[in-house]
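Notes follow once the structure below has been shown.
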Amino acid sequence: MSHLEHARSLVDALEASVDRAATHLAGRCEKDGRISTSLVDDHQTVAYDLASISGAVAAARHLLDWGEHGEQEGALALAYAADVAGDLRSRVAGREPEWGLERGVLDDVADEMAAGRDTGFLSGLAEKVLETGEAGRRHLPEDLEMVRDTFRRFAEEQVMPLAEEVHRHDQDIPEEIISGAAELGCFALSIPEEYGGFASGSEDELLNMVLVTEELSRGSLGVAGSLITRPEIIGTAILKGGTQEQKERWLPGIAAGEQMCGVAVTEPDHGSDVAGVKVSATRDGDDWVINGVKTWCTFGGRADHLLVLARTDPDRSKGHRGLSLFVVDKPPFGGHAWKTEQDGGGTMDARAIPTIGYRGMHSFEISFDTWRVPHRNLIGEDDGLGQGFYLQMQAFSNARLQTAARAQGVMQSALEQAVAYAKQRHVFDRPLADYELNRTKIVRMAALLAACRIFAYEVARKLVRGDEDAQLAASQVKQLACRVSEWVTREAQQIHGGYGYAEEYTVSRLFLDARVLSIFEGADEVLALRVIARQVLAGALARS
């Protein structure tokens with residue numbers, strides 16, 4: 001059998017196991033014909049593992065088509081499928097009754113799994129990765145390759161020379177980076193042409209965003225890779241729920257990069273539990289008066305607009321149905337603390353939260369004290385009352401895909417750093433790249449990156465098409481890419497030995513930056529249990 005045939009057999013067996021496990025767990029979590037959140041919480045460990053494996057298996061399925069392009073691609077598809085098979089078996093071991101699976105799961109594809117995990121096979125596959133520093137070819141259309149090349153050059157020429165200084169001294173993102181990204185159309189990728197953007201309704205319009213994000217994140221996650229995220233969230237919310245006047249008022253400035261954006265959703269006591277938001281907005285004539293504290297407002301200082309989720313219905317029993325979204329205008333500020341006042345006495349007072357990585361953007365805690373916002377800044381105006389939670393969740397689907405692309409950029413940089421150092425550094429009179437253990441590590445890095453990348457490409461197209469499983473897939477690729485980026489950057493750092501712990505080596509920054517990816521835009525555990533597991537189990541229940 002060929003590498004790809006082995007991979008197909010593995011993926012078929014993996015999907016069958018996931019389906020059986022989902023059907024079994026759905027039966028244990030069903031109440032009144034629906035999946036019960038409280039029952040899922042009674043089985044969190046298995047539900048988390050099932051959610052995580054479901055995304056990995058979905059990526060393996062998409063990687064098979066990419067594997068048709070050539071021998072290296074087919075070999076990486078096999079290496080990844082075998083890796084997922086090993087992961088599934090380790091998660092199930094000793095918990096077979098809870099999964100509804102038999103002991104010896106995947107024994108019927110043991111030969112295929114052995115073929116993909118054979119150390120000789122993996123060591124040989126490393127040769128091409130060591131030669132190129134790439135996880136296989138992308139096989140993109142020429143126009144998309146031109147977009148990718150343009151932003152790769154920008155990242156190499158403008159971002160990388162500044163990345164270390166910004167990180168080490170926790171500086172602001174230099175204005176020349178923001179203006180340069182704006183000139184290239186970085187902020188216009190998902191905004192329709194009628195509002196000054198580049199989105200024309202083609203199936204590849206979100207794929208442009210993925211490619212641009214990966215290249216900028218390869219340069220630096222904190223300096224450039226996250227610049228698109230907040231415009232993506234606020235732009236999607238306005239497009240989905242805003243009035244025509246609001247779209248015309250805000251979107252052109254966002255698309256041109258003239259108006260920077262921040263997002264104020266999280267609160268000190270309410271992170272992933274968005275429905276518990278306490279910050280209030282009270283109607284007073286033609287204004288709303290906002291009071292309360294938001295935290296982790298990334299880029300909140302430099303931003304001209306803040307997207308603020310606030311409780312407009314004082315009846316807290318309504319939960320998420322009492323929330324609305326506002327676009328709050330403010331002056332841009334540099335530095336790590338700022339305060340602004342209105343003529344009527346309202347204030348916004350902010351301080352940056354020190355972080356171990358992801359520097360340049362700065363994440364702020366912002367206190368709103370009787371801050372007045374005109375009614376016309378409520379997204380949707382009267383029709384937007386109570387719609388904030390739903391608009392926020394729709395906007396986060398694109399943001400989760402974009403975060404997956406950020407993780408891919410960090411992984412690509414880590415792979416390149418690991419390859420370069422492994423070839424240059426000699427230990428016991430041999431380059432590190434000659435040692436089997438390092439070669440298998442590097443191949444696993446490449447296989448994980450390839451799987452996340454190809455999955456993200458497909459999710460971008462699913463979201464544009466409006467596929468039924470698009471929201472689930474966006475959550476899966478986000479969880480998968482962010483989780484594996486920690487391993488990839490950790491192993492790249494490990495290959496560097498002591499120098500990997502030194503700030504003067506780029507790989508130490510990559511390790512710190514990767515750590516945040518599983519925390520924001522949907523914390524790993526909450527995303528797995530509240531979004532992915534629920535949807536996977538609901539699908540299994542519907543099919544049973």
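We label chains A, B, ... in the order they appear in the structure tokens, count residues from 1 in each chain, and number ligands from 1 in the order shown.
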Determine, for each residue of stretch 26-73 of chain A having at least one atom at most 9 Å from an atom of stretch 130-145 of chain A, the closest pair of atoms and their separation in Å to one decimal, counting only C-alpha atoms; order by chain and ascending number, as JSON lines.
```
{"residue": "A:Trp66", "atom": "CA", "partner": "A:His139", "partner_atom": "CA", "distance": 8.2}
{"residue": "A:His69", "atom": "CA", "partner": "A:His139", "partner_atom": "CA", "distance": 8.0}
{"residue": "A:Gln72", "atom": "CA", "partner": "A:Gly136", "partner_atom": "CA", "distance": 6.8}
{"residue": "A:Glu73", "atom": "CA", "partner": "A:Gly136", "partner_atom": "CA", "distance": 6.2}
```
Distance query A:Gln494 at most 10 Å, only C-alpha atoms, self and fewer than 5 positions along chain excluded, as a VMD selection string: chain A and resid 418 438 488 to 489 499 to 501 507 to 508
For A:Phe198, the nearest of the candidates A:Ala470, A:Ile379, A:Ala256, A:Val263, counting only C-alpha atoms: A:Ala256
Residue with smallest distance to A:Ala126 - pool A:Asp434, A:Glu258, A:Glu98, A:Asp382, counting only C-alpha atoms: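 The shortest atom-to-atom distance to A:Ala126 comes from A:Asp434.
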Sel. of alpha helix (DSSP H) residues, stretch 450-504 of chain A, as an NGL selection string: :A and (450-465 or 470-495)
Just-selected residues, N, CA and C atoms written as a short mmCIF file (atom, residue, chain, number, x, y, z; two decimals), in the first residue's frame:
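Listing of again-v1.cif after writing:
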```
data_model
loop_
_atom_site.label_atom_id
_atom_site.label_comp_id
_atom_site.auth_asym_id
_atom_site.auth_seq_id
_atom_site.Cartn_x
_atom_site.Cartn_y
_atom_site.Cartn_z
N ALA A 450 1.18 21.21 8.77
CA ALA A 450 0.48 20.96 7.51
C ALA A 450 -0.99 20.66 7.75
N ALA A 451 -1.29 19.86 8.76
CA ALA A 451 -2.68 19.50 9.06
C ALA A 451 -3.48 20.73 9.46
N CYS A 452 -2.93 21.55 10.33
CA CYS A 452 -3.64 22.77 10.75
C CYS A 452 -3.84 23.72 9.58
N ARG A 453 -2.82 23.87 8.78
CA ARG A 453 -2.87 24.80 7.65
C ARG A 453 -3.94 24.39 6.64
N ILE A 454 -3.93 23.14 6.23
CA ILE A 454 -4.89 22.69 5.22
C ILE A 454 -6.31 22.70 5.77
N PHE A 455 -6.47 22.36 7.04
CA PHE A 455 -7.78 22.44 7.68
C PHE A 455 -8.27 23.88 7.69
N ALA A 456 -7.39 24.82 8.03
CA ALA A 456 -7.78 26.23 8.05
C ALA A 456 -8.21 26.72 6.67
N TYR A 457 -7.50 26.28 5.64
CA TYR A 457 -7.90 26.67 4.28
C TYR A 457 -9.33 26.22 3.99
N GLU A 458 -9.65 24.99 4.39
CA GLU A 458 -10.99 24.47 4.12
C GLU A 458 -12.03 25.17 4.97
N VAL A 459 -11.71 25.48 6.22
CA VAL A 459 -12.65 26.19 7.08
C VAL A 459 -12.95 27.57 6.52
N ALA A 460 -11.95 28.24 5.97
CA ALA A 460 -12.17 29.56 5.36
C ALA A 460 -13.22 29.47 4.26
N ARG A 461 -13.15 28.43 3.46
CA ARG A 461 -14.13 28.26 2.37
C ARG A 461 -15.50 27.86 2.93
N LYS A 462 -15.51 27.05 3.97
CA LYS A 462 -16.78 26.65 4.58
C LYS A 462 -17.54 27.85 5.13
N LEU A 463 -16.81 28.76 5.79
CA LEU A 463 -17.47 29.93 6.37
C LEU A 463 -18.07 30.82 5.30
N VAL A 464 -17.36 31.00 4.20
CA VAL A 464 -17.88 31.84 3.11
C VAL A 464 -19.11 31.18 2.47
N ARG A 465 -19.04 29.86 2.28
CA ARG A 465 -20.18 29.14 1.69
C ARG A 465 -21.36 29.05 2.64
N ALA A 470 -19.77 24.79 9.42
CA ALA A 470 -18.69 25.78 9.38
C ALA A 470 -18.34 26.31 10.77
N GLN A 471 -19.35 26.58 11.61
CA GLN A 471 -19.07 27.12 12.94
C GLN A 471 -18.32 26.10 13.79
N LEU A 472 -18.73 24.84 13.70
CA LEU A 472 -18.02 23.78 14.43
C LEU A 472 -16.59 23.67 13.94
N ALA A 473 -16.39 23.66 12.63
CA ALA A 473 -15.05 23.51 12.06
C ALA A 473 -14.15 24.67 12.48
N ALA A 474 -14.70 25.90 12.54
CA ALA A 474 -13.90 27.05 12.95
C ALA A 474 -13.41 26.88 14.39
N SER A 475 -14.27 26.36 15.25
CA SER A 475 -13.87 26.12 16.63
C SER A 475 -12.85 24.99 16.71
N GLN A 476 -13.04 23.94 15.91
CA GLN A 476 -12.10 22.82 15.93
C GLN A 476 -10.71 23.22 15.48
N VAL A 477 -10.63 23.99 14.39
CA VAL A 477 -9.30 24.34 13.89
C VAL A 477 -8.61 25.31 14.84
N LYS A 478 -9.39 26.16 15.50
CA LYS A 478 -8.79 27.06 16.48
C LYS A 478 -8.21 26.26 17.64
N GLN A 479 -9.00 25.34 18.18
CA GLN A 479 -8.52 24.55 19.31
C GLN A 479 -7.30 23.72 18.94
N LEU A 480 -7.36 23.07 17.79
CA LEU A 480 -6.26 22.21 17.36
C LEU A 480 -4.98 23.00 17.14
N ALA A 481 -5.05 24.04 16.34
CA ALA A 481 -3.85 24.79 15.98
C ALA A 481 -3.20 25.44 17.20
N CYS A 482 -4.01 25.97 18.09
CA CYS A 482 -3.45 26.64 19.26
C CYS A 482 -2.83 25.65 20.23
N ARG A 483 -3.46 24.49 20.35
CA ARG A 483 -2.91 23.47 21.25
C ARG A 483 -1.57 22.93 20.74
N VAL A 484 -1.51 22.58 19.47
CA VAL A 484 -0.28 21.98 18.96
C VAL A 484 0.84 23.01 18.80
N SER A 485 0.49 24.30 18.69
CA SER A 485 1.54 25.32 18.56
C SER A 485 2.41 25.36 19.81
N GLU A 486 1.82 25.02 20.96
CA GLU A 486 2.62 24.99 22.19
C GLU A 486 3.68 23.89 22.11
N TRP A 487 3.29 22.72 21.60
CA TRP A 487 4.26 21.63 21.48
C TRP A 487 5.34 21.98 20.45
N VAL A 488 4.92 22.53 19.32
CA VAL A 488 5.88 22.85 18.25
C VAL A 488 6.91 23.85 18.74
N THR A 489 6.47 24.92 19.39
CA THR A 489 7.41 25.94 19.85
C THR A 489 8.26 25.42 21.00
N ARG A 490 7.69 24.56 21.83
CA ARG A 490 8.44 23.98 22.93
C ARG A 490 9.58 23.11 22.41
N GLU A 491 9.29 22.29 21.40
CA GLU A 491 10.31 21.40 20.87
C GLU A 491 11.36 22.18 20.06
N ALA A 492 10.93 23.23 19.39
CA ALA A 492 11.90 24.08 18.70
C ALA A 492 12.85 24.71 19.70
N GLN A 493 12.31 25.13 20.84
CA GLN A 493 13.13 25.69 21.90
C GLN A 493 14.07 24.63 22.48
N GLN A 494 13.55 23.41 22.64
CA GLN A 494 14.35 22.33 23.21
C GLN A 494 15.53 21.98 22.30
N ILE A 495 15.31 22.00 21.00
CA ILE A 495 16.39 21.71 20.06
C ILE A 495 17.51 22.74 20.20
#
```
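Atom pair atom CA of A:Lys339 / atom CA of A:Ile519: separated by 27.5 Å.
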